[in-house]
Amino acid sequence: MKVPEITLIFWIAKLCTTGFGESFSDYVFFNDYIGQHAAMLMGLGLLLICLAVQISTTKYVPWVYWLAVTAVSIFGTMSADFLNKDLGMPLYASTLMLVAVQIGVFAAWYATQRTLDVHSINNRLRELFYWLTVLCTFALGTAAGDFAAVTLGLGTLASSFVFFGIILIPAVGYRWFRLNEVLAFWFAYTITRPLGASVADWLSVPAPYGDGLQLGTGPISLVLGILLAGVVTVIASRHRRSDPPKAAPPNSVEGVQETFRN
């Protein structure tokens with residue numbers, strides 16, 4: 001299996017990627033020295049490189065996996081912003097379109113594989129469906145977060161509380177009401193995006209566009225990037241302790257040495 005176990009630290013890391021992806025994407029995408037089209041190409045290039053490395057691995061490698069998620073977060077944010085800022089698509093329209101796209105990806109995944117369970121990612125096609133779904137959740141979450149904050153007029157802080165309340169639905173449903181595990185996971189996974197993005201926007205988006213602390217997308221990207229790196233370091237350390245090294249082949253130097261030691 002090439003995805004991590006779904007534990008508390010998984011969700012902490014996921015929220016860190018959403019916050020960092022939102023603030024860093026905004027920092028690059030709206031940077032006058034870079035330009036939106038160049039930023040999109042840079043984000044796409046990073047995404048393709050990270051996914052190529054992830055797909056080429058034969059097992060779950062924490063740093064590789066979470067770097068790929070971060071790249072998806074950055075490009076997913078840019079994609080949603082491109083629909084709104086460059087193509088002029090209203091936020092409600094981009095949100096509905098991305099909902100339809102995500103449903104379509106789920107439908108195609110289930111029709112061909114008969115499962116949406118992340119614990120069954122054991123072949124190349126399922127892995128491709130998994131990463132396509134992850135990309136859709138990030139783009140959809142960005143559009144939905146902006147729709148709540150801007151179109152509905154909630155602002156970033158109120159939106160954060162709204163999405164925090166929504167994400168409790170799958171948690172409570174799975175814990176006490178036997179909500180389907182796969183449905184609960186993807187529901188929560190999708191909502192972490194607008195939750196983390198709303199918090200990041202509340203912290204970072206500068207005046208006159210921000211309605212929060214307006215600390216700047218650059219400084220918040222740096223802080224969240226350091227936090228994300230720290231969390232992934234903990235995950236990688238735990239993974240090394242729980243993944244014992246394989247025994248050396250008997251004909252290898254290490255294998256011969258182990259034989260004499262025994």
# chains A, B, ... in the order shown; residues from 1 in each chain; ligands from 1
>>> closest_atom_pairs(of="stretch 119-177 of chain A", to="stretch 83-105 of chain A", cutoff="7 Å", atoms="only C-alpha atoms", output="CSV")
residue,atom,partner,partner_atom,distance
A:Thr133,CA,A:Val105,CA,6.5
A:Cys136,CA,A:Gln102,CA,5.7
A:Leu140,CA,A:Leu98,CA,5.3
A:Ala143,CA,A:Thr95,CA,5.3
A:Ala144,CA,A:Thr95,CA,5.6
A:Phe147,CA,A:Leu91,CA,5.3
>>> write_last_selection(atoms="N, CA and C atoms", output="PDB file, in the first residue's frame")
ATOM      1  N   THR A 133      -8.371  12.135  -7.881  1.00  0.00           N
ATOM      2  CA  THR A 133      -9.377  12.510  -6.886  1.00  0.00           C
ATOM      3  C   THR A 133      -8.826  13.527  -5.909  1.00  0.00           C
ATOM      4  N   CYS A 136      -8.823  16.869  -7.500  1.00  0.00           N
ATOM      5  CA  CYS A 136     -10.178  17.415  -7.559  1.00  0.00           C
ATOM      6  C   CYS A 136     -10.614  17.975  -6.215  1.00  0.00           C
ATOM      7  N   LEU A 140     -11.728  21.784  -5.747  1.00  0.00           N
ATOM      8  CA  LEU A 140     -13.087  22.003  -5.265  1.00  0.00           C
ATOM      9  C   LEU A 140     -13.072  22.733  -3.934  1.00  0.00           C
ATOM     10  N   ALA A 143     -12.396  26.462  -4.425  1.00  0.00           N
ATOM     11  CA  ALA A 143     -13.559  27.175  -4.962  1.00  0.00           C
ATOM     12  C   ALA A 143     -14.660  27.302  -3.918  1.00  0.00           C
ATOM     13  N   ALA A 144     -14.906  26.221  -3.161  1.00  0.00           N
ATOM     14  CA  ALA A 144     -15.962  26.256  -2.147  1.00  0.00           C
ATOM     15  C   ALA A 144     -15.626  27.217  -1.023  1.00  0.00           C
ATOM     16  N   PHE A 147     -16.123  30.660  -2.339  1.00  0.00           N
ATOM     17  CA  PHE A 147     -17.561  30.891  -2.507  1.00  0.00           C
ATOM     18  C   PHE A 147     -18.205  31.263  -1.177  1.00  0.00           C
TER      19      PHE A 147
END
>>> residues_around(residues="stretch 161-173 of chain A", least_positions_apart="4", cutoff="8 Å", atoms="only C-alpha atoms", output="PyMOL selection string")
chain A and resi 157+177-179+184-185+187-188+191-192+194-195
>>> closest_residue(among="A:Gly218, A:Gly45, A:Gly196, A:Pro4", to="A:Ser25", atoms="only C-alpha atoms")
A:Gly218
>>> residues_around(residues="A:Thr17", least_positions_apart="3", cutoff="7 Å", atoms="only C-alpha atoms", output="list in words")
Ala13, Lys14, Phe20, Gly21, Thr70, Ser73 and Leu228 of chain A
>>> select_by_dssp(residues="stretch 17-237 of chain A", states="alpha helix (DSSP H)", output="PyMOL selection string")
chain A and resi 17-29+36-56+62-81+91-113+124-146+155-176+181-204+217-237
>>> closest_residue(among="A:Leu125, A:Leu152, A:Tyr189, A:Gly216", to="A:Ile12", atoms="only C-alpha atoms")
A:Tyr189
>>> closest_residue(among="A:Ile74, A:Leu227, A:Trp202, A:Tyr130", to="A:Leu215", atoms="only C-alpha atoms")
A:Trp202
>>> atom_distance(atom1="atom CA of A:Ala139", atom2="atom CA of A:Ser79")
6.3 Å
>>> closest_residue(among="A:Val199, A:Leu46, A:Val72, A:Val3", to="A:Arg126", atoms="only C-alpha atoms")
A:Val3
>>> residues_around(residues="stretch 219-222 of chain A", least_positions_apart="4", cutoff="6 Å", atoms="only C-alpha atoms", output="PDB file with C-alpha atoms, in the first residue's frame")
ATOM      1  CA  PHE A  20       0.505  25.972   3.005  1.00  0.00           C
ATOM      2  CA  SER A  23      -0.954  30.709   1.032  1.00  0.00           C
ATOM      3  CA  PHE A  24       2.004  29.715  -1.156  1.00  0.00           C
ATOM      4  CA  SER A 204      -2.413  35.911   5.348  1.00  0.00           C
TER       5      SER A 204
END
>>> closest_residue(among="A:Trp109, A:Tyr27, A:Trp176, A:Trp63", to="A:Ser237", atoms="only C-alpha atoms")
A:Trp63
>>> closest_residue(among="A:Ala148, A:Pro62, A:Phe30, A:Val118", to="A:Ala236", atoms="only C-alpha atoms")
A:Pro62
>>> decode(residues="stretch 37-78 of chain A", atoms="N, CA and C atoms", output="JSON list (two decimals), in the first residue's frame")
[["chain", "number", "residue", "atom", "x", "y", "z"],
["A", 37, "HIS", "N", 0.28, 33.03, -15.54],
["A", 37, "HIS", "CA", 0.52, 31.93, -16.47],
["A", 37, "HIS", "C", 1.83, 31.21, -16.14],
["A", 38, "ALA", "N", 2.86, 31.97, -15.83],
["A", 38, "ALA", "CA", 4.13, 31.36, -15.45],
["A", 38, "ALA", "C", 3.98, 30.57, -14.15],
["A", 39, "ALA", "N", 3.20, 31.12, -13.23],
["A", 39, "ALA", "CA", 2.97, 30.41, -11.96],
["A", 39, "ALA", "C", 2.26, 29.09, -12.19],
["A", 40, "MET", "N", 1.28, 29.09, -13.10],
["A", 40, "MET", "CA", 0.56, 27.85, -13.43],
["A", 40, "MET", "C", 1.51, 26.81, -14.02],
["A", 41, "LEU", "N", 2.40, 27.24, -14.90],
["A", 41, "LEU", "CA", 3.34, 26.31, -15.51],
["A", 41, "LEU", "C", 4.32, 25.76, -14.48],
["A", 42, "MET", "N", 4.77, 26.62, -13.58],
["A", 42, "MET", "CA", 5.66, 26.17, -12.52],
["A", 42, "MET", "C", 4.95, 25.17, -11.60],
["A", 43, "GLY", "N", 3.71, 25.48, -11.26],
["A", 43, "GLY", "CA", 2.94, 24.58, -10.41],
["A", 43, "GLY", "C", 2.69, 23.24, -11.08],
["A", 44, "LEU", "N", 2.39, 23.27, -12.38],
["A", 44, "LEU", "CA", 2.16, 22.04, -13.12],
["A", 44, "LEU", "C", 3.44, 21.21, -13.21],
["A", 45, "GLY", "N", 4.57, 21.88, -13.46],
["A", 45, "GLY", "CA", 5.84, 21.18, -13.54],
["A", 45, "GLY", "C", 6.19, 20.50, -12.22],
["A", 46, "LEU", "N", 6.01, 21.23, -11.12],
["A", 46, "LEU", "CA", 6.27, 20.64, -9.80],
["A", 46, "LEU", "C", 5.37, 19.45, -9.55],
["A", 47, "LEU", "N", 4.09, 19.59, -9.92],
["A", 47, "LEU", "CA", 3.13, 18.50, -9.73],
["A", 47, "LEU", "C", 3.54, 17.25, -10.51],
["A", 48, "LEU", "N", 3.90, 17.42, -11.78],
["A", 48, "LEU", "CA", 4.25, 16.26, -12.61],
["A", 48, "LEU", "C", 5.50, 15.57, -12.09],
["A", 49, "ILE", "N", 6.48, 16.34, -11.64],
["A", 49, "ILE", "CA", 7.71, 15.75, -11.11],
["A", 49, "ILE", "C", 7.42, 14.96, -9.84],
["A", 50, "CYS", "N", 6.67, 15.57, -8.92],
["A", 50, "CYS", "CA", 6.38, 14.92, -7.64],
["A", 50, "CYS", "C", 5.54, 13.67, -7.84],
["A", 51, "LEU", "N", 4.55, 13.72, -8.73],
["A", 51, "LEU", "CA", 3.72, 12.55, -8.97],
["A", 51, "LEU", "C", 4.51, 11.45, -9.68],
["A", 52, "ALA", "N", 5.41, 11.83, -10.56],
["A", 52, "ALA", "CA", 6.23, 10.83, -11.23],
["A", 52, "ALA", "C", 7.10, 10.07, -10.23],
["A", 53, "VAL", "N", 7.67, 10.80, -9.29],
["A", 53, "VAL", "CA", 8.49, 10.16, -8.26],
["A", 53, "VAL", "C", 7.62, 9.27, -7.37],
["A", 54, "GLN", "N", 6.45, 9.79, -6.97],
["A", 54, "GLN", "CA", 5.54, 9.02, -6.11],
["A", 54, "GLN", "C", 5.08, 7.73, -6.79],
["A", 55, "ILE", "N", 4.69, 7.82, -8.03],
["A", 55, "ILE", "CA", 4.17, 6.65, -8.73],
["A", 55, "ILE", "C", 5.28, 5.63, -9.02],
["A", 56, "SER", "N", 6.51, 6.12, -9.16],
["A", 56, "SER", "CA", 7.61, 5.20, -9.45],
["A", 56, "SER", "C", 8.08, 4.43, -8.22],
["A", 57, "THR", "N", 7.71, 4.88, -7.03],
["A", 57, "THR", "CA", 8.11, 4.15, -5.83],
["A", 57, "THR", "C", 7.28, 2.87, -5.71],
["A", 58, "THR", "N", 7.82, 1.92, -4.99],
["A", 58, "THR", "CA", 7.14, 0.63, -4.82],
["A", 58, "THR", "C", 6.44, 0.50, -3.48],
["A", 59, "LYS", "N", 6.64, 1.49, -2.60],
["A", 59, "LYS", "CA", 6.00, 1.45, -1.30],
["A", 59, "LYS", "C", 5.79, 2.88, -0.79],
["A", 60, "TYR", "N", 5.12, 3.00, 0.33],
["A", 60, "TYR", "CA", 4.86, 4.31, 0.92],
["A", 60, "TYR", "C", 6.14, 4.89, 1.49],
["A", 61, "VAL", "N", 6.53, 6.07, 0.99],
["A", 61, "VAL", "CA", 7.68, 6.81, 1.49],
["A", 61, "VAL", "C", 7.16, 8.17, 1.97],
["A", 62, "PRO", "N", 7.17, 8.44, 3.28],
["A", 62, "PRO", "CA", 6.50, 9.65, 3.79],
["A", 62, "PRO", "C", 6.88, 10.95, 3.09],
["A", 63, "TRP", "N", 8.18, 11.22, 2.93],
["A", 63, "TRP", "CA", 8.58, 12.49, 2.33],
["A", 63, "TRP", "C", 8.12, 12.59, 0.88],
["A", 64, "VAL", "N", 8.18, 11.50, 0.14],
["A", 64, "VAL", "CA", 7.74, 11.50, -1.25],
["A", 64, "VAL", "C", 6.23, 11.71, -1.34],
["A", 65, "TYR", "N", 5.50, 10.97, -0.51],
["A", 65, "TYR", "CA", 4.04, 11.07, -0.53],
["A", 65, "TYR", "C", 3.57, 12.47, -0.18],
["A", 66, "TRP", "N", 4.08, 13.02, 0.93],
["A", 66, "TRP", "CA", 3.57, 14.32, 1.38],
["A", 66, "TRP", "C", 4.05, 15.47, 0.50],
["A", 67, "LEU", "N", 5.20, 15.30, -0.15],
["A", 67, "LEU", "CA", 5.62, 16.31, -1.13],
["A", 67, "LEU", "C", 4.66, 16.30, -2.32],
["A", 68, "ALA", "N", 4.21, 15.10, -2.72],
["A", 68, "ALA", "CA", 3.24, 15.02, -3.81],
["A", 68, "ALA", "C", 1.92, 15.67, -3.42],
["A", 69, "VAL", "N", 1.45, 15.42, -2.19],
["A", 69, "VAL", "CA", 0.21, 16.05, -1.72],
["A", 69, "VAL", "C", 0.36, 17.57, -1.72],
["A", 70, "THR", "N", 1.50, 18.05, -1.28],
["A", 70, "THR", "CA", 1.73, 19.50, -1.24],
["A", 70, "THR", "C", 1.71, 20.09, -2.65],
["A", 71, "ALA", "N", 2.34, 19.39, -3.61],
["A", 71, "ALA", "CA", 2.33, 19.87, -4.99],
["A", 71, "ALA", "C", 0.92, 19.90, -5.55],
["A", 72, "VAL", "N", 0.13, 18.88, -5.22],
["A", 72, "VAL", "CA", -1.27, 18.85, -5.65],
["A", 72, "VAL", "C", -2.03, 20.01, -5.02],
["A", 73, "SER", "N", -1.74, 20.30, -3.76],
["A", 73, "SER", "CA", -2.41, 21.41, -3.08],
["A", 73, "SER", "C", -2.13, 22.74, -3.77],
["A", 74, "ILE", "N", -0.87, 22.95, -4.13],
["A", 74, "ILE", "CA", -0.49, 24.21, -4.78],
["A", 74, "ILE", "C", -1.17, 24.34, -6.15],
["A", 75, "PHE", "N", -1.06, 23.29, -6.96],
["A", 75, "PHE", "CA", -1.62, 23.38, -8.31],
["A", 75, "PHE", "C", -3.15, 23.36, -8.27],
["A", 76, "GLY", "N", -3.74, 22.60, -7.34],
["A", 76, "GLY", "CA", -5.20, 22.60, -7.22],
["A", 76, "GLY", "C", -5.74, 23.97, -6.90],
["A", 77, "THR", "N", -5.04, 24.68, -6.01],
["A", 77, "THR", "CA", -5.44, 26.06, -5.67],
["A", 77, "THR", "C", -5.34, 26.96, -6.89],
["A", 78, "MET", "N", -4.22, 26.86, -7.60],
["A", 78, "MET", "CA", -4.04, 27.68, -8.80],
["A", 78, "MET", "C", -5.11, 27.39, -9.85]]
